[in-house]
$ cat my_file08.tsv   # TSV, C-alpha atoms
chain	number	residue	atom	x	y	z
X	1	MET	CA	110.89	52.94	30.62
X	2	PHE	CA	107.65	52.17	28.79
X	3	GLU	CA	108.10	48.42	29.02
X	4	ASN	CA	108.70	48.64	32.75
X	5	ALA	CA	105.37	50.47	33.01
X	6	GLY	CA	103.60	47.62	31.20
X	7	ALA	CA	103.56	48.91	27.63
X	8	ARG	CA	104.49	46.80	24.64
X	9	VAL	CA	107.16	48.51	22.51
X	10	VAL	CA	107.49	47.63	18.83
X	11	GLN	CA	109.32	49.19	15.90
X	12	VAL	CA	107.18	50.36	12.98
X	13	SER	CA	107.81	51.76	9.52
X	14	LEU	CA	106.37	54.92	7.95
X	15	PRO	CA	108.08	54.63	4.57
X	16	HIS	CA	106.59	57.65	2.82
X	17	THR	CA	107.20	60.21	5.57
X	18	ARG	CA	110.65	60.91	4.13
X	19	HIS	CA	108.84	62.76	1.32
X	20	ALA	CA	106.86	64.94	3.74
X	21	ILE	CA	109.06	68.03	3.38
X	22	VAL	CA	108.74	68.21	-0.41
X	23	CYS	CA	105.05	67.33	-0.30
X	24	TYR	CA	104.31	69.94	2.35
X	25	THR	CA	106.34	72.62	0.59
X	26	ILE	CA	104.39	72.24	-2.64
X	27	LEU	CA	100.97	72.08	-0.99
X	28	CYS	CA	101.76	74.92	1.42
X	29	CYS	CA	102.82	77.24	-1.41
X	30	ILE	CA	99.66	76.38	-3.33
X	31	GLU	CA	97.52	77.16	-0.28
X	32	VAL	CA	99.34	80.43	0.35
X	33	ALA	CA	98.97	81.55	-3.28
X	34	SER	CA	95.28	80.69	-3.25
X	35	ASN	CA	94.45	82.24	0.12
X	36	MET	CA	96.51	85.40	-0.35
X	37	ALA	CA	95.01	86.21	-3.76
X	38	ARG	CA	92.18	88.12	-2.07
X	39	TYR	CA	94.54	90.62	-0.44
X	40	ASP	CA	94.60	93.11	-3.28
X	41	GLY	CA	94.62	96.38	-1.32
X	42	ILE	CA	91.10	97.23	-2.45
X	43	GLN	CA	88.74	94.91	-0.63
X	44	TYR	CA	91.15	93.22	1.79
X	45	GLY	CA	94.54	93.90	3.29
X	46	HIS	CA	97.04	96.73	3.23
X	47	ARG	CA	96.46	99.45	0.61
X	48	GLY	CA	99.36	101.19	-1.07
X	49	VAL	CA	99.33	104.85	-2.11
X	50	ASP	CA	100.08	104.40	-5.81
X	51	GLU	CA	96.77	104.90	-7.60
X	52	SER	CA	98.16	105.58	-11.06
X	53	SER	CA	96.54	102.33	-12.21
X	54	THR	CA	94.79	99.31	-10.78
X	55	GLU	CA	97.77	97.11	-11.61
X	56	ALA	CA	100.17	99.50	-9.88
X	57	LEU	CA	97.95	99.60	-6.79
X	58	TYR	CA	97.82	95.80	-6.68
X	59	ALA	CA	101.58	95.49	-7.08
X	60	LEU	CA	102.49	98.08	-4.44
X	61	SER	CA	99.91	96.88	-1.93
X	62	ARG	CA	101.07	93.28	-2.15
X	63	HIS	CA	104.75	94.24	-2.15
X	64	GLU	CA	104.35	96.31	1.01
X	65	GLY	CA	101.87	93.95	2.67
X	66	PHE	CA	103.83	90.70	2.27
X	67	ASN	CA	107.41	90.03	3.28
X	68	GLY	CA	109.90	88.21	1.11
X	69	ILE	CA	109.07	84.74	2.43
X	70	VAL	CA	105.34	85.14	1.75
X	71	ARG	CA	105.94	86.61	-1.70
X	72	GLY	CA	108.27	83.72	-2.51
X	73	ARG	CA	105.61	81.21	-1.51
X	74	ILE	CA	103.00	83.03	-3.58
X	75	PHE	CA	105.27	82.94	-6.64
X	76	ALA	CA	106.05	79.26	-6.12
X	77	GLY	CA	102.41	78.41	-5.50
X	78	ASN	CA	101.27	80.14	-8.67
X	79	TYR	CA	103.98	78.28	-10.58
X	80	PHE	CA	102.75	74.95	-9.24
X	81	LEU	CA	99.19	75.92	-10.18
X	82	LEU	CA	99.99	76.62	-13.82
X	83	ARG	CA	98.04	74.27	-16.05
X	84	GLU	CA	101.18	72.72	-17.49
X	85	ASN	CA	102.61	72.14	-13.97
X	86	GLN	CA	99.59	70.88	-12.05
X	87	GLU	CA	100.07	67.21	-12.95
X	88	ARG	CA	103.81	67.36	-12.33
X	89	TYR	CA	103.67	69.05	-8.94
X	90	MET	CA	100.24	69.48	-7.34
X	91	VAL	CA	98.71	66.13	-8.31
X	92	LYS	CA	101.86	64.20	-7.36
X	93	ALA	CA	102.06	66.02	-4.01
X	94	GLN	CA	98.43	65.14	-3.32
X	95	LYS	CA	99.17	61.47	-4.06
X	96	VAL	CA	102.15	61.49	-1.69
X	97	TRP	CA	99.97	63.21	0.90
X	98	ARG	CA	97.57	60.28	0.70
X	99	LEU	CA	100.40	57.76	1.02
X	100	ILE	CA	101.65	59.47	4.18
X	101	PHE	CA	98.11	59.44	5.57
X	102	ASP	CA	97.84	55.72	4.79
X	103	ASP	CA	101.19	55.01	6.51
X	104	PHE	CA	99.83	56.29	9.82
X	105	ARG	CA	96.43	54.67	9.31
X	106	HIS	CA	98.00	51.25	8.73
X	107	VAL	CA	100.26	51.54	11.78
X	108	PHE	CA	97.43	52.50	14.09
X	109	LYS	CA	95.17	49.79	12.65
X	110	SER	CA	97.89	47.23	13.46
X	111	GLY	CA	97.29	47.74	17.17
X	112	VAL	CA	99.72	50.56	17.95
X	113	ASP	CA	98.21	53.19	20.26
X	114	LEU	CA	101.01	55.78	20.30
X	115	LEU	CA	104.14	56.56	18.33
X	116	LEU	CA	107.30	57.94	19.93
X	117	THR	CA	109.90	59.81	17.88
X	118	PRO	CA	112.50	62.51	18.46
X	119	THR	CA	111.18	66.03	17.94
X	120	MET	CA	114.25	67.16	15.99
X	121	VAL	CA	117.14	65.43	14.30
X	122	ASN	CA	119.58	67.82	16.01
X	123	GLU	CA	119.71	69.23	19.50
X	124	THR	CA	118.17	72.62	20.13
X	125	GLN	CA	120.44	75.48	19.12
X	126	THR	CA	120.83	78.90	20.64
X	127	TYR	CA	119.20	81.87	18.99
X	128	GLN	CA	122.56	83.16	17.76
X	129	ASP	CA	123.33	79.81	16.12
X	130	PHE	CA	119.88	79.74	14.54
X	131	ILE	CA	120.08	83.18	12.92
X	132	ALA	CA	123.61	82.45	11.68
X	133	ALA	CA	122.32	79.55	9.54
X	134	ASP	CA	120.24	79.75	6.39
X	135	ASN	CA	116.63	79.73	7.60
X	136	ARG	CA	115.38	77.55	4.74
X	137	THR	CA	117.99	74.90	5.53
X	138	ARG	CA	117.22	75.08	9.25
X	139	GLN	CA	113.49	74.76	8.56
X	140	THR	CA	114.05	71.66	6.45
X	141	GLU	CA	116.24	70.05	9.10
X	142	ASP	CA	114.04	70.92	12.06
X	143	ASP	CA	110.64	70.10	10.55
X	144	ILE	CA	111.44	66.73	9.01
X	145	LEU	CA	110.12	64.78	12.03
X	146	THR	CA	107.12	66.98	12.85
X	147	LEU	CA	105.65	67.70	9.41
X	148	PRO	CA	104.30	64.19	8.68
X	149	VAL	CA	101.73	64.38	11.49
X	150	ASN	CA	100.29	67.57	10.01
X	151	LEU	CA	99.85	65.89	6.65
X	152	ALA	CA	98.37	62.79	8.29
X	153	GLY	CA	95.92	64.80	10.38
X	154	VAL	CA	96.81	63.13	13.67
X	155	PRO	CA	97.54	64.81	17.02
X	156	ALA	CA	101.07	65.08	18.38
X	157	ILE	CA	102.84	66.72	21.29
X	158	SER	CA	106.48	67.42	22.03
X	159	VAL	CA	107.71	66.78	25.57
X	160	PRO	CA	111.06	68.07	26.86
X	161	PHE	CA	112.89	64.93	27.88
X	162	THR	CA	116.52	65.56	28.77
X	163	LEU	CA	119.48	67.87	28.23
X	164	SER	CA	122.29	67.45	25.76
X	165	THR	CA	125.94	67.50	26.80
X	166	GLN	CA	125.87	71.25	26.06
X	167	GLY	CA	122.82	71.82	28.25
X	168	HIS	CA	120.34	72.23	25.40
X	169	PRO	CA	116.84	70.69	25.62
X	170	ILE	CA	116.12	67.46	23.75
X	171	GLY	CA	112.44	66.71	23.15
X	172	MET	CA	110.48	63.58	22.34
X	173	GLN	CA	107.38	63.63	20.16
X	174	LEU	CA	104.35	61.52	21.00
X	175	ILE	CA	101.88	60.88	18.16
X	176	GLY	CA	98.37	59.61	18.78
X	177	LYS	CA	95.38	58.39	16.86
X	178	ALA	CA	92.98	60.88	15.32
X	179	PHE	CA	90.40	62.10	17.85
X	180	ASP	CA	92.16	60.32	20.72
X	181	GLU	CA	93.81	63.32	22.30
X	182	ARG	CA	92.92	62.06	25.78
X	183	SER	CA	95.27	59.07	25.49
X	184	LEU	CA	97.96	61.22	23.92
X	185	LEU	CA	97.88	63.88	26.64
X	186	SER	CA	97.77	61.25	29.39
X	187	ALA	CA	100.88	59.55	27.99
X	188	ALA	CA	102.62	62.91	27.56
X	189	LYS	CA	101.92	63.81	31.17
X	190	TRP	CA	103.29	60.45	32.33
X	191	LEU	CA	106.40	60.85	30.16
X	192	GLU	CA	106.97	64.36	31.50
X	193	LEU	CA	106.80	63.12	35.08
X	194	GLN	CA	109.13	60.21	34.36
X	195	ALA	CA	111.67	62.41	32.59
X	196	GLY	CA	111.91	64.89	35.45
X	197	PHE	CA	113.07	67.60	33.06
X	198	PRO	CA	114.94	70.29	35.03
X	199	GLU	CA	113.75	73.86	35.21
X	200	LEU	CA	115.91	75.98	32.96
X	201	LYS	CA	117.08	79.43	33.98
X	202	ILE	CA	117.23	81.41	30.76
X	203	PRO	CA	119.20	84.67	30.97
X	204	ILE	CA	117.26	87.72	29.84

$ encode --input "my_file08.tsv" --output "structure tokens"
Amino acid sequence: MFENAGARVVQVSLPHTRHAIVCYTILCCIEVASNMARYDGIQYGHRGVDESSTEALYALSRHEGFNGIVRGRIFAGNYFLLRENQERYMVKAQKVWRLIFDDFRHVFKSGVDLLLTPTMVNETQTYQDFIAADNRTRQTEDDILTLPVNLAGVPAISVPFTLSTQGHPIGMQLIGKAFDERSLLSAAKWLELQAGFPELKIPI
């Protein structure tokens, strides 16, 4: 399709993107722990009703104000930030982050204008199938192809391309150079027109 339109298609390698999930998980938890520390129920955020002590107020306010996923990320982030763990987790994740950034930089410096990848490794599932699976496992599976662009700081867009044999949407992800959203959106519009993705009638 692209070659017929005059584009040159080449295969490239982004060798460190396979570590993006672990890298992102560590850095995300660190960011969450750092940013959520201010929500103590006194100056910011939800305030609990237990005023027997400052510690009790903190604990209740944060327990009621954050759900289990957020609390889990705060705990993990504080663990990664412990002095004895910083070199093992945070510093290594930052180094991998840089390697992923360099992967994209080298590819785009080689003359590539856009990257095309699947959006997900599996076809889109129904809501009932999604909630039946472990959300952490689903997140890992679904984000493996879209997380690297967030770490690399480059723009990307997912375009619905075709339907699976079960009638579920299959998307393609276009990735562009930093600050070149115009080329990315132009290519995405062209791809959308070429795909002719059918209008889906979703039952309510």

$ atom_distance --input "my_file08.tsv" --atom1 "CA of Leu82 (chain X)" --atom2 "CA of Ile69 (chain X)"
20.3 Å

$ residues_near_point --input "my_file08.tsv" --point "(101.7, 78.3, -3.1)" --cutoff "8 Å" --atoms "only C-alpha atoms" --output "PDB file with C-alpha atoms, keeping the file's coordinate frame"
ATOM      1  CA  ILE X  26     104.390  72.240  -2.640  1.00  0.00           C
ATOM      2  CA  LEU X  27     100.970  72.080  -0.990  1.00  0.00           C
ATOM      3  CA  CYS X  28     101.760  74.920   1.420  1.00  0.00           C
ATOM      4  CA  CYS X  29     102.820  77.240  -1.410  1.00  0.00           C
ATOM      5  CA  ILE X  30      99.660  76.380  -3.330  1.00  0.00           C
ATOM      6  CA  GLU X  31      97.520  77.160  -0.280  1.00  0.00           C
ATOM      7  CA  VAL X  32      99.340  80.430   0.350  1.00  0.00           C
ATOM      8  CA  ALA X  33      98.970  81.550  -3.280  1.00  0.00           C
ATOM      9  CA  SER X  34      95.280  80.690  -3.250  1.00  0.00           C
ATOM     10  CA  ARG X  73     105.610  81.210  -1.510  1.00  0.00           C
ATOM     11  CA  ILE X  74     103.000  83.030  -3.580  1.00  0.00           C
ATOM     12  CA  PHE X  75     105.270  82.940  -6.640  1.00  0.00           C
ATOM     13  CA  ALA X  76     106.050  79.260  -6.120  1.00  0.00           C
ATOM     14  CA  GLY X  77     102.410  78.410  -5.500  1.00  0.00           C
ATOM     15  CA  ASN X  78     101.270  80.140  -8.670  1.00  0.00           C
ATOM     16  CA  TYR X  79     103.980  78.280 -10.580  1.00  0.00           C
ATOM     17  CA  PHE X  80     102.750  74.950  -9.240  1.00  0.00           C
ATOM     18  CA  LEU X  81      99.190  75.920 -10.180  1.00  0.00           C
TER      19      LEU X  81
END

$ closest_residue --input "my_file08.tsv" --among "X:Gln173, X:Asn67, X:Thr25, X:Gln43" --to "Thr146 (chain X)" --atoms "all atoms listed in the file"
X:Gln173

$ residues_around --input "my_file08.tsv" --residues "region 62-66 of chain X" --least-positions-apart "3" --cutoff "12 Å" --atoms "all atoms listed in the file" --output "list in words"
Val32, Ala33, Met36, Ala37, Arg38, Tyr39, Asp40, Gly41, Ile42, Tyr44, Gly45, His46, Arg47, Gly48, Val49, Asp50, Glu55, Ala56, Leu57, Tyr58, Ala59, Ile69, Val70, Arg71, Gly72, Arg73, Ile74 and Phe75 of chain X

$ atom_distance --input "my_file08.tsv" --atom1 "CA of Ala188 (chain X)" --atom2 "CA of Leu99 (chain X)"
27.1 Å

$ build_atoms --input "my_file08.tsv" --residues "region 114-138 of chain X" --atoms "N, CA and C atoms" --output "PDB file, keeping the file's coordinate frame"
ATOM      1  N   LEU X 114     100.239  54.534  20.319  1.00  0.00           N
ATOM      2  CA  LEU X 114     101.010  55.780  20.300  1.00  0.00           C
ATOM      3  C   LEU X 114     102.330  55.546  19.587  1.00  0.00           C
ATOM      4  N   LEU X 115     102.819  56.588  18.940  1.00  0.00           N
ATOM      5  CA  LEU X 115     104.140  56.560  18.330  1.00  0.00           C
ATOM      6  C   LEU X 115     105.054  57.512  19.086  1.00  0.00           C
ATOM      7  N   LEU X 116     106.307  57.112  19.243  1.00  0.00           N
ATOM      8  CA  LEU X 116     107.300  57.940  19.930  1.00  0.00           C
ATOM      9  C   LEU X 116     108.471  58.178  18.998  1.00  0.00           C
ATOM     10  N   THR X 117     108.782  59.440  18.743  1.00  0.00           N
ATOM     11  CA  THR X 117     109.900  59.810  17.880  1.00  0.00           C
ATOM     12  C   THR X 117     110.644  60.987  18.505  1.00  0.00           C
ATOM     13  N   PRO X 118     111.867  61.250  18.072  1.00  0.00           N
ATOM     14  CA  PRO X 118     112.500  62.510  18.460  1.00  0.00           C
ATOM     15  C   PRO X 118     111.716  63.685  17.863  1.00  0.00           C
ATOM     16  N   THR X 119     111.818  64.838  18.489  1.00  0.00           N
ATOM     17  CA  THR X 119     111.180  66.030  17.940  1.00  0.00           C
ATOM     18  C   THR X 119     112.017  66.629  16.821  1.00  0.00           C
ATOM     19  N   MET X 120     113.335  66.597  16.979  1.00  0.00           N
ATOM     20  CA  MET X 120     114.250  67.160  15.990  1.00  0.00           C
ATOM     21  C   MET X 120     115.385  66.183  15.752  1.00  0.00           C
ATOM     22  N   VAL X 121     116.004  66.296  14.594  1.00  0.00           N
ATOM     23  CA  VAL X 121     117.140  65.430  14.300  1.00  0.00           C
ATOM     24  C   VAL X 121     118.411  65.944  14.969  1.00  0.00           C
ATOM     25  N   ASN X 122     118.427  67.222  15.326  1.00  0.00           N
ATOM     26  CA  ASN X 122     119.580  67.820  16.010  1.00  0.00           C
ATOM     27  C   ASN X 122     119.123  68.363  17.352  1.00  0.00           C
ATOM     28  N   GLU X 123     120.064  68.610  18.229  1.00  0.00           N
ATOM     29  CA  GLU X 123     119.710  69.230  19.500  1.00  0.00           C
ATOM     30  C   GLU X 123     119.341  70.686  19.281  1.00  0.00           C
ATOM     31  N   THR X 124     118.590  71.229  20.220  1.00  0.00           N
ATOM     32  CA  THR X 124     118.170  72.620  20.130  1.00  0.00           C
ATOM     33  C   THR X 124     119.383  73.540  20.097  1.00  0.00           C
ATOM     34  N   GLN X 125     119.338  74.530  19.217  1.00  0.00           N
ATOM     35  CA  GLN X 125     120.440  75.480  19.120  1.00  0.00           C
ATOM     36  C   GLN X 125     120.070  76.794  19.787  1.00  0.00           C
ATOM     37  N   THR X 126     121.076  77.568  20.088  1.00  0.00           N
ATOM     38  CA  THR X 126     120.830  78.900  20.640  1.00  0.00           C
ATOM     39  C   THR X 126     120.306  79.810  19.539  1.00  0.00           C
ATOM     40  N   TYR X 127     119.748  80.922  19.964  1.00  0.00           N
ATOM     41  CA  TYR X 127     119.200  81.870  18.990  1.00  0.00           C
ATOM     42  C   TYR X 127     120.299  82.379  18.059  1.00  0.00           C
ATOM     43  N   GLN X 128     121.472  82.644  18.583  1.00  0.00           N
ATOM     44  CA  GLN X 128     122.560  83.160  17.760  1.00  0.00           C
ATOM     45  C   GLN X 128     122.984  82.126  16.709  1.00  0.00           C
ATOM     46  N   ASP X 129     123.005  80.849  17.097  1.00  0.00           N
ATOM     47  CA  ASP X 129     123.330  79.810  16.120  1.00  0.00           C
ATOM     48  C   ASP X 129     122.251  79.700  15.055  1.00  0.00           C
ATOM     49  N   PHE X 130     120.998  79.869  15.470  1.00  0.00           N
ATOM     50  CA  PHE X 130     119.880  79.740  14.540  1.00  0.00           C
ATOM     51  C   PHE X 130     119.919  80.829  13.466  1.00  0.00           C
ATOM     52  N   ILE X 131     120.114  82.086  13.890  1.00  0.00           N
ATOM     53  CA  ILE X 131     120.080  83.180  12.920  1.00  0.00           C
ATOM     54  C   ILE X 131     121.340  83.202  12.061  1.00  0.00           C
ATOM     55  N   ALA X 132     122.387  82.496  12.485  1.00  0.00           N
ATOM     56  CA  ALA X 132     123.610  82.450  11.680  1.00  0.00           C
ATOM     57  C   ALA X 132     123.466  81.493  10.510  1.00  0.00           C
ATOM     58  N   ALA X 133     122.521  80.533  10.601  1.00  0.00           N
ATOM     59  CA  ALA X 133     122.320  79.550   9.540  1.00  0.00           C
ATOM     60  C   ALA X 133     121.244  80.012   8.575  1.00  0.00           C
ATOM     61  N   ASP X 134     121.273  79.457   7.375  1.00  0.00           N
ATOM     62  CA  ASP X 134     120.240  79.750   6.390  1.00  0.00           C
ATOM     63  C   ASP X 134     118.907  79.234   6.924  1.00  0.00           C
ATOM     64  N   ASN X 135     117.892  80.098   6.981  1.00  0.00           N
ATOM     65  CA  ASN X 135     116.630  79.730   7.600  1.00  0.00           C
ATOM     66  C   ASN X 135     115.919  78.618   6.839  1.00  0.00           C
ATOM     67  N   ARG X 136     116.040  78.597   5.517  1.00  0.00           N
ATOM     68  CA  ARG X 136     115.380  77.550   4.740  1.00  0.00           C
ATOM     69  C   ARG X 136     115.987  76.180   5.052  1.00  0.00           C
ATOM     70  N   THR X 137     117.327  76.152   5.190  1.00  0.00           N
ATOM     71  CA  THR X 137     117.990  74.900   5.530  1.00  0.00           C
ATOM     72  C   THR X 137     117.607  74.461   6.938  1.00  0.00           C
ATOM     73  N   ARG X 138     117.585  75.398   7.877  1.00  0.00           N
ATOM     74  CA  ARG X 138     117.220  75.080   9.250  1.00  0.00           C
ATOM     75  C   ARG X 138     115.789  74.558   9.318  1.00  0.00           C
TER      76      ARG X 138
END
